[in-house]
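Single-structure report; data block below.
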Amino acid sequence: MPIYQKAVEAGIFDSSEVALLGRVFDRLKEEHQSRQRREALASRVIANYQAGIRDEDELVSVSKLPLGR
């Protein structure tokens, strides 16, 4: 799953953080998304988390938007 690979690449997260990132990713991914789109989504979720967004629902909401918006 792209979110776990991206989490490992981005830095050290504890198991509860990886679980949160995984839940957010699962809520946002689409069934027939390309690998590139899923990787971009995983990167967006992690970037928003690293920017300080820790609330799961808020993380879902902001991760629907492209980075930098």
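Every chain in the structure tokens has a letter given in the order shown (A, B, ...), and although residue numbers restart at 1 in each chain, ligands are simply numbered from 1 in the order shown.
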I'd like the neighbourhood of stretch 63-66 of chain A as a list of chain:residue names, where a residue qualifies if any of its atoms comes within 7 Å (using only C-alpha atoms), though same-chain residues fewer than 5 positions away should be ignored. A:Arg44, A:Val45, A:Asn48
Dump of C-alpha atoms for the selected residues, as a PDB file, in the first residue's frame:
```pdb
ATOM      1  CA  ARG A  44      -0.298  14.671   0.253  1.00  0.00           C
ATOM      2  CA  VAL A  45      -1.610  12.957   3.389  1.00  0.00           C
ATOM      3  CA  ASN A  48      -0.339  17.581   5.633  1.00  0.00           C
TER       4      ASN A  48
END
```
*Mind checking which residues fall within 12 Å of stretch 49-56 of chain A, counting only C-alpha atoms, ignoring those fewer than 3 positions away in the same chain, and posting them as a PyMOL selection string?*
chain A and resi 7+10-13+16-28+42-46+59-63+67-68
(message) as a PyMOL selection string, please: every residue in chain A that DSSP puts in alpha helix (DSSP H).
(response) chain A and resi 2-10+15-28+35-50+56-63
| request: Fewer than 4 positions away in the same chain doesn't count, so skip those; otherwise give me all residues within 8 Å of stretch 33-39 of chain A, counting only C-alpha atoms, as an MDAnalysis selection string. | output: chainID A and resid 2:3 6 29 43
